[in-house]
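Colleague: Have a look at this one before I ask anything.
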Amino acid sequence: MRVLIQRVDSASVKVDGREVSRIGRGLLLFVGLGREDGSTDIEYMARKVSNIRIFPDEDDRLNLSVMDINGQILSVSQFTLYANTRKGNRPSFDLSAEPDRARRLWQEFNELLRRNGIDVREGVFGARMEVELINNGPVTIWLDSRA
């Protein structure tokens, strides 16, 4: 499982020109599920994302998590995080999970985040989305459950 985290002041998702999700201060997550990912991966990533300390404390040190600041999460499914570009110039997505399985795992991941008390909003699985964000920092972190 791969998650690209962006610390944001705000983020939103539109589908067909209509806004479907919006958050204020918190994390924008681009979430990719691989063929070999399972419950161990989503549990690890939910724990990691919930507790990663990338928000500044009163001394401007990165000591606070999204839970500590009462922040929100916008979770966007993104199979292209598993793009393989080793051969040629057109990416292959053979390492991505099958759509039905990826949807189920993504929804389970989001539910685990919610169980941690986080307000989680979602993009639309499989849709062509327009994602807008105001990156704060900028702070962008790459997580891979297999790394």
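Each chain of the structure tokens is named A, B, ... in the order shown, its residues numbered from 1; ligands are numbered from 1 in display order.
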Considering only C-alpha atoms, give me a table of residues in stretch 71-105 of chain A that are at most 12 Å from stretch 12-18 of chain A, with the closest atom pair and distance in Å for each, as a tab-separated table.
Modeller:
```
residue	atom	partner	partner_atom	distance
A:Gln72	CA	A:Ser12	CA	11.7
A:Ile73	CA	A:Ser12	CA	10.5
A:Leu74	CA	A:Ser12	CA	7.7
A:Ser75	CA	A:Val13	CA	9.8
A:Val76	CA	A:Val13	CA	8.5
A:Ser77	CA	A:Val13	CA	11.5
```
Colleague: Can you tell me, as a PyMOL selection string, what residues are no more than 6 Å from A:Asn136 when counting only C-alpha atoms, ignoring any on the same chain fewer than 4 positions away?
Modeller: chain A and resi 7-9
Colleague: Selected residues, C-alpha atoms, written as an mmCIF file, in the first residue's frame, please.
Modeller:
```
data_model
loop_
_atom_site.group_PDB
_atom_site.id
_atom_site.type_symbol
_atom_site.label_atom_id
_atom_site.label_comp_id
_atom_site.auth_asym_id
_atom_site.auth_seq_id
_atom_site.Cartn_x
_atom_site.Cartn_y
_atom_site.Cartn_z
ATOM 1 C CA ARG A 7 -0.254 18.608 4.866
ATOM 2 C CA VAL A 8 -2.893 21.105 3.798
ATOM 3 C CA ASP A 9 -4.701 24.217 4.917
#
```
Colleague: Taking only chain A into account, list the residues labelled strand (DSSP E or B) by DSSP (computed from the backbone), as a PyMOL selection string.
Modeller: chain A and resi 2-15+18-23+26-32+34+55-56+62-64+72-77+84+92+96+119-122+129-144
Colleague: Can you work out the spacing between atom CA of A:Val3 and atom CA of A:Glu58 in Å, to one decimal?
Modeller: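 Between atom CA of A:Val3 and atom CA of A:Glu58 the gap works out to 27.5 Å.
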Colleague: How many Å lie between atom CA of A:Gln78 and atom CA of A:Ser10, rounded to one decimal?
Modeller: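 Separation of atom CA of A:Gln78 and atom CA of A:Ser10: 19.1 Å.
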Colleague: Can you list every residue of stretch 36-94 of chain A that has an atom at most 9 Å from stretch 100-109 of chain A, with its nearest atom pair and the distance in Å to one decimal, using only C-alpha atoms, ordered by chain then number, as JSON lines?
Modeller:
```
{"residue": "A:Asp37", "atom": "CA", "partner": "A:Leu105", "partner_atom": "CA", "distance": 8.4}
{"residue": "A:Gly38", "atom": "CA", "partner": "A:Leu105", "partner_atom": "CA", "distance": 7.3}
{"residue": "A:Ser39", "atom": "CA", "partner": "A:Leu105", "partner_atom": "CA", "distance": 7.6}
{"residue": "A:Ile42", "atom": "CA", "partner": "A:Phe109", "partner_atom": "CA", "distance": 5.4}
{"residue": "A:Glu43", "atom": "CA", "partner": "A:Phe109", "partner_atom": "CA", "distance": 7.1}
{"residue": "A:Met45", "atom": "CA", "partner": "A:Phe109", "partner_atom": "CA", "distance": 7.9}
{"residue": "A:Ala46", "atom": "CA", "partner": "A:Phe109", "partner_atom": "CA", "distance": 6.2}
{"residue": "A:Ser75", "atom": "CA", "partner": "A:Trp106", "partner_atom": "CA", "distance": 8.7}
{"residue": "A:Val76", "atom": "CA", "partner": "A:Trp106", "partner_atom": "CA", "distance": 8.9}
{"residue": "A:Ser77", "atom": "CA", "partner": "A:Trp106", "partner_atom": "CA", "distance": 7.0}
{"residue": "A:Phe79", "atom": "CA", "partner": "A:Ala102", "partner_atom": "CA", "distance": 8.5}
```
Colleague: Let me see the file: selected residues, N, CA and C atoms, as a PDB file, in the first residue's frame.
Modeller:
```pdb
ATOM      1  N   ASP A  37      -1.501  -6.255  -1.366  1.00  0.00           N
ATOM      2  CA  ASP A  37      -1.885  -5.599  -0.120  1.00  0.00           C
ATOM      3  C   ASP A  37      -3.095  -6.277   0.505  1.00  0.00           C
ATOM      4  N   GLY A  38      -3.122  -6.240   1.836  1.00  0.00           N
ATOM      5  CA  GLY A  38      -4.225  -6.835   2.578  1.00  0.00           C
ATOM      6  C   GLY A  38      -4.456  -6.099   3.880  1.00  0.00           C
ATOM      7  N   SER A  39      -5.142  -6.753   4.804  1.00  0.00           N
ATOM      8  CA  SER A  39      -5.513  -6.087   6.047  1.00  0.00           C
ATOM      9  C   SER A  39      -4.320  -5.650   6.882  1.00  0.00           C
ATOM     10  N   ILE A  42      -3.308  -2.214   5.455  1.00  0.00           N
ATOM     11  CA  ILE A  42      -4.191  -1.084   5.746  1.00  0.00           C
ATOM     12  C   ILE A  42      -4.189  -0.749   7.236  1.00  0.00           C
ATOM     13  N   GLU A  43      -4.053  -1.747   8.089  1.00  0.00           N
ATOM     14  CA  GLU A  43      -3.972  -1.471   9.526  1.00  0.00           C
ATOM     15  C   GLU A  43      -2.701  -0.697   9.860  1.00  0.00           C
ATOM     16  N   MET A  45      -0.945   1.222   7.805  1.00  0.00           N
ATOM     17  CA  MET A  45      -1.008   2.575   7.238  1.00  0.00           C
ATOM     18  C   MET A  45      -1.993   3.467   7.993  1.00  0.00           C
ATOM     19  N   ALA A  46      -3.105   2.926   8.429  1.00  0.00           N
ATOM     20  CA  ALA A  46      -4.061   3.733   9.196  1.00  0.00           C
ATOM     21  C   ALA A  46      -3.422   4.206  10.500  1.00  0.00           C
ATOM     22  N   SER A  75      -9.326  11.621   1.679  1.00  0.00           N
ATOM     23  CA  SER A  75      -8.710  10.414   1.136  1.00  0.00           C
ATOM     24  C   SER A  75      -9.133  10.238  -0.317  1.00  0.00           C
ATOM     25  N   VAL A  76      -8.138  10.158  -1.205  1.00  0.00           N
ATOM     26  CA  VAL A  76      -8.388  10.033  -2.634  1.00  0.00           C
ATOM     27  C   VAL A  76      -7.709   8.765  -3.139  1.00  0.00           C
ATOM     28  N   SER A  77      -8.487   7.855  -3.677  1.00  0.00           N
ATOM     29  CA  SER A  77      -7.934   6.627  -4.239  1.00  0.00           C
ATOM     30  C   SER A  77      -7.166   6.961  -5.515  1.00  0.00           C
ATOM     31  N   PHE A  79      -4.807   4.734  -8.145  1.00  0.00           N
ATOM     32  CA  PHE A  79      -4.094   3.534  -8.586  1.00  0.00           C
ATOM     33  C   PHE A  79      -2.781   3.863  -9.274  1.00  0.00           C
TER      34      PHE A  79
END
```
Colleague: What does the distance between atom CA of A:Ile54 and atom CA of A:Ser21 come to in Å, to one decimal place?
Modeller: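 So the two atoms, atom CA of A:Ile54 and atom CA of A:Ser21, lie 22.7 Å apart.
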Colleague: Give the answer as one residue: which of A:Thr40, A:Thr85, A:Thr80, A:Asn116 has the shortest atom-to-atom distance to A:Met67, using only C-alpha atoms?
Modeller: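 Distance minimum relative to A:Met67 lands on A:Asn116.
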Colleague: Check the DSSP output for the backbone and give back, as a PyMOL selection string, the residues of chain A in helix (DSSP H, G or I).
Modeller: chain A and resi 39-51+79-82+99-115
Colleague: Keeping N, CA and C atoms, export the residues of the selection given above as a JSON list (two decimals), in the first residue's frame.
Modeller:
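Below you can see part_23.json, which holds the result:
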```json
[["chain", "number", "residue", "atom", "x", "y", "z"],
["A", 39, "SER", "N", -5.14, -6.75, 4.80],
["A", 39, "SER", "CA", -5.51, -6.09, 6.05],
["A", 39, "SER", "C", -4.32, -5.65, 6.88],
["A", 40, "THR", "N", -3.22, -6.38, 6.84],
["A", 40, "THR", "CA", -2.03, -5.97, 7.59],
["A", 40, "THR", "C", -1.52, -4.62, 7.09],
["A", 41, "ASP", "N", -1.54, -4.44, 5.76],
["A", 41, "ASP", "CA", -1.08, -3.17, 5.16],
["A", 41, "ASP", "C", -1.98, -2.02, 5.55],
["A", 42, "ILE", "N", -3.31, -2.21, 5.45],
["A", 42, "ILE", "CA", -4.19, -1.08, 5.75],
["A", 42, "ILE", "C", -4.19, -0.75, 7.24],
["A", 43, "GLU", "N", -4.05, -1.75, 8.09],
["A", 43, "GLU", "CA", -3.97, -1.47, 9.53],
["A", 43, "GLU", "C", -2.70, -0.70, 9.86],
["A", 44, "TYR", "N", -1.58, -1.11, 9.28],
["A", 44, "TYR", "CA", -0.31, -0.41, 9.50],
["A", 44, "TYR", "C", -0.41, 1.04, 9.02],
["A", 45, "MET", "N", -0.94, 1.22, 7.81],
["A", 45, "MET", "CA", -1.01, 2.58, 7.24],
["A", 45, "MET", "C", -1.99, 3.47, 7.99],
["A", 46, "ALA", "N", -3.11, 2.93, 8.43],
["A", 46, "ALA", "CA", -4.06, 3.73, 9.20],
["A", 46, "ALA", "C", -3.42, 4.21, 10.50],
["A", 47, "ARG", "N", -2.68, 3.31, 11.14],
["A", 47, "ARG", "CA", -1.97, 3.67, 12.38],
["A", 47, "ARG", "C", -0.91, 4.73, 12.11],
["A", 48, "LYS", "N", -0.15, 4.53, 11.03],
["A", 48, "LYS", "CA", 0.93, 5.46, 10.68],
["A", 48, "LYS", "C", 0.39, 6.84, 10.33],
["A", 49, "VAL", "N", -0.62, 6.88, 9.46],
["A", 49, "VAL", "CA", -1.20, 8.16, 9.03],
["A", 49, "VAL", "C", -1.82, 8.90, 10.22],
["A", 50, "SER", "N", -2.53, 8.18, 11.07],
["A", 50, "SER", "CA", -3.19, 8.81, 12.22],
["A", 50, "SER", "C", -2.19, 9.44, 13.17],
["A", 51, "ASN", "N", -1.02, 8.83, 13.30],
["A", 51, "ASN", "CA", -0.06, 9.24, 14.32],
["A", 51, "ASN", "C", 1.16, 9.99, 13.81],
["A", 79, "PHE", "N", -4.81, 4.73, -8.15],
["A", 79, "PHE", "CA", -4.09, 3.53, -8.59],
["A", 79, "PHE", "C", -2.78, 3.86, -9.27],
["A", 80, "THR", "N", -2.62, 5.08, -9.78],
["A", 80, "THR", "CA", -1.40, 5.43, -10.51],
["A", 80, "THR", "C", -0.17, 5.49, -9.61],
["A", 81, "LEU", "N", -0.35, 5.41, -8.29],
["A", 81, "LEU", "CA", 0.81, 5.33, -7.40],
["A", 81, "LEU", "C", 1.58, 4.04, -7.61],
["A", 82, "TYR", "N", 0.97, 3.08, -8.29],
["A", 82, "TYR", "CA", 1.64, 1.81, -8.60],
["A", 82, "TYR", "C", 2.12, 1.76, -10.05],
["A", 99, "PRO", "N", -9.78, -3.42, -9.34],
["A", 99, "PRO", "CA", -10.66, -2.34, -8.86],
["A", 99, "PRO", "C", -11.59, -2.72, -7.70],
["A", 100, "ASP", "N", -12.29, -3.84, -7.78],
["A", 100, "ASP", "CA", -13.23, -4.19, -6.70],
["A", 100, "ASP", "C", -12.50, -4.39, -5.37],
["A", 101, "ARG", "N", -11.37, -5.05, -5.43],
["A", 101, "ARG", "CA", -10.57, -5.30, -4.22],
["A", 101, "ARG", "C", -9.98, -4.00, -3.69],
["A", 102, "ALA", "N", -9.49, -3.17, -4.60],
["A", 102, "ALA", "CA", -8.91, -1.88, -4.20],
["A", 102, "ALA", "C", -9.97, -1.01, -3.53],
["A", 103, "ARG", "N", -11.18, -0.98, -4.07],
["A", 103, "ARG", "CA", -12.26, -0.18, -3.49],
["A", 103, "ARG", "C", -12.55, -0.65, -2.06],
["A", 104, "ARG", "N", -12.65, -1.96, -1.88],
["A", 104, "ARG", "CA", -12.95, -2.52, -0.57],
["A", 104, "ARG", "C", -11.85, -2.16, 0.44],
["A", 105, "LEU", "N", -10.59, -2.34, 0.04],
["A", 105, "LEU", "CA", -9.47, -2.04, 0.94],
["A", 105, "LEU", "C", -9.40, -0.54, 1.26],
["A", 106, "TRP", "N", -9.64, 0.29, 0.26],
["A", 106, "TRP", "CA", -9.62, 1.74, 0.47],
["A", 106, "TRP", "C", -10.71, 2.15, 1.47],
["A", 107, "GLN", "N", -11.90, 1.58, 1.30],
["A", 107, "GLN", "CA", -12.99, 1.90, 2.22],
["A", 107, "GLN", "C", -12.68, 1.41, 3.64],
["A", 108, "GLU", "N", -12.07, 0.23, 3.76],
["A", 108, "GLU", "CA", -11.68, -0.28, 5.07],
["A", 108, "GLU", "C", -10.62, 0.63, 5.71],
["A", 109, "PHE", "N", -9.67, 1.08, 4.91],
["A", 109, "PHE", "CA", -8.64, 2.01, 5.39],
["A", 109, "PHE", "C", -9.28, 3.28, 5.93],
["A", 110, "ASN", "N", -10.20, 3.85, 5.17],
["A", 110, "ASN", "CA", -10.88, 5.08, 5.60],
["A", 110, "ASN", "C", -11.66, 4.86, 6.89],
["A", 111, "GLU", "N", -12.29, 3.69, 7.00],
["A", 111, "GLU", "CA", -13.05, 3.38, 8.21],
["A", 111, "GLU", "C", -12.13, 3.24, 9.42],
["A", 112, "LEU", "N", -10.96, 2.65, 9.24],
["A", 112, "LEU", "CA", -9.99, 2.56, 10.34],
["A", 112, "LEU", "C", -9.56, 3.95, 10.81],
["A", 113, "LEU", "N", -9.36, 4.87, 9.87],
["A", 113, "LEU", "CA", -9.01, 6.24, 10.23],
["A", 113, "LEU", "C", -10.15, 6.87, 11.04],
["A", 114, "ARG", "N", -11.38, 6.64, 10.62],
["A", 114, "ARG", "CA", -12.54, 7.19, 11.34],
["A", 114, "ARG", "C", -12.62, 6.62, 12.76],
["A", 115, "ARG", "N", -12.29, 5.36, 12.92],
["A", 115, "ARG", "CA", -12.32, 4.73, 14.25],
["A", 115, "ARG", "C", -11.31, 5.38, 15.20]]
```
Colleague: Name the residues in contact with A:Arg53 at a cut-off of 8 Å, using only C-alpha atoms, excluding same-chain residues fewer than 2 positions from it; report them as number ranges by chain.
Modeller: A: 51, 55, 62-66
Colleague: Restricting the calculation to only C-alpha atoms, which member of A:Glu19, A:Asp68, A:Val124, A:Ser96 is positioned closest to A:Arg2?
Modeller: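 Ranked by minimum distance to A:Arg2, first place goes to A:Ser96.
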Colleague: Taking only C-alpha atoms into account, name the residue in A:Pro138, A:Gly71, A:Ser92, A:Ala127 that is nearest to A:Arg25.
Modeller: A:Gly71
Colleague: Near A:Thr140, counting only C-alpha atoms, which residues have an atom at most 9 Å away, once you skip same-chain residues fewer than 2 positions from it, shown as a PyMOL selection string?
Modeller: chain A and resi 4-7+135+137-138+142
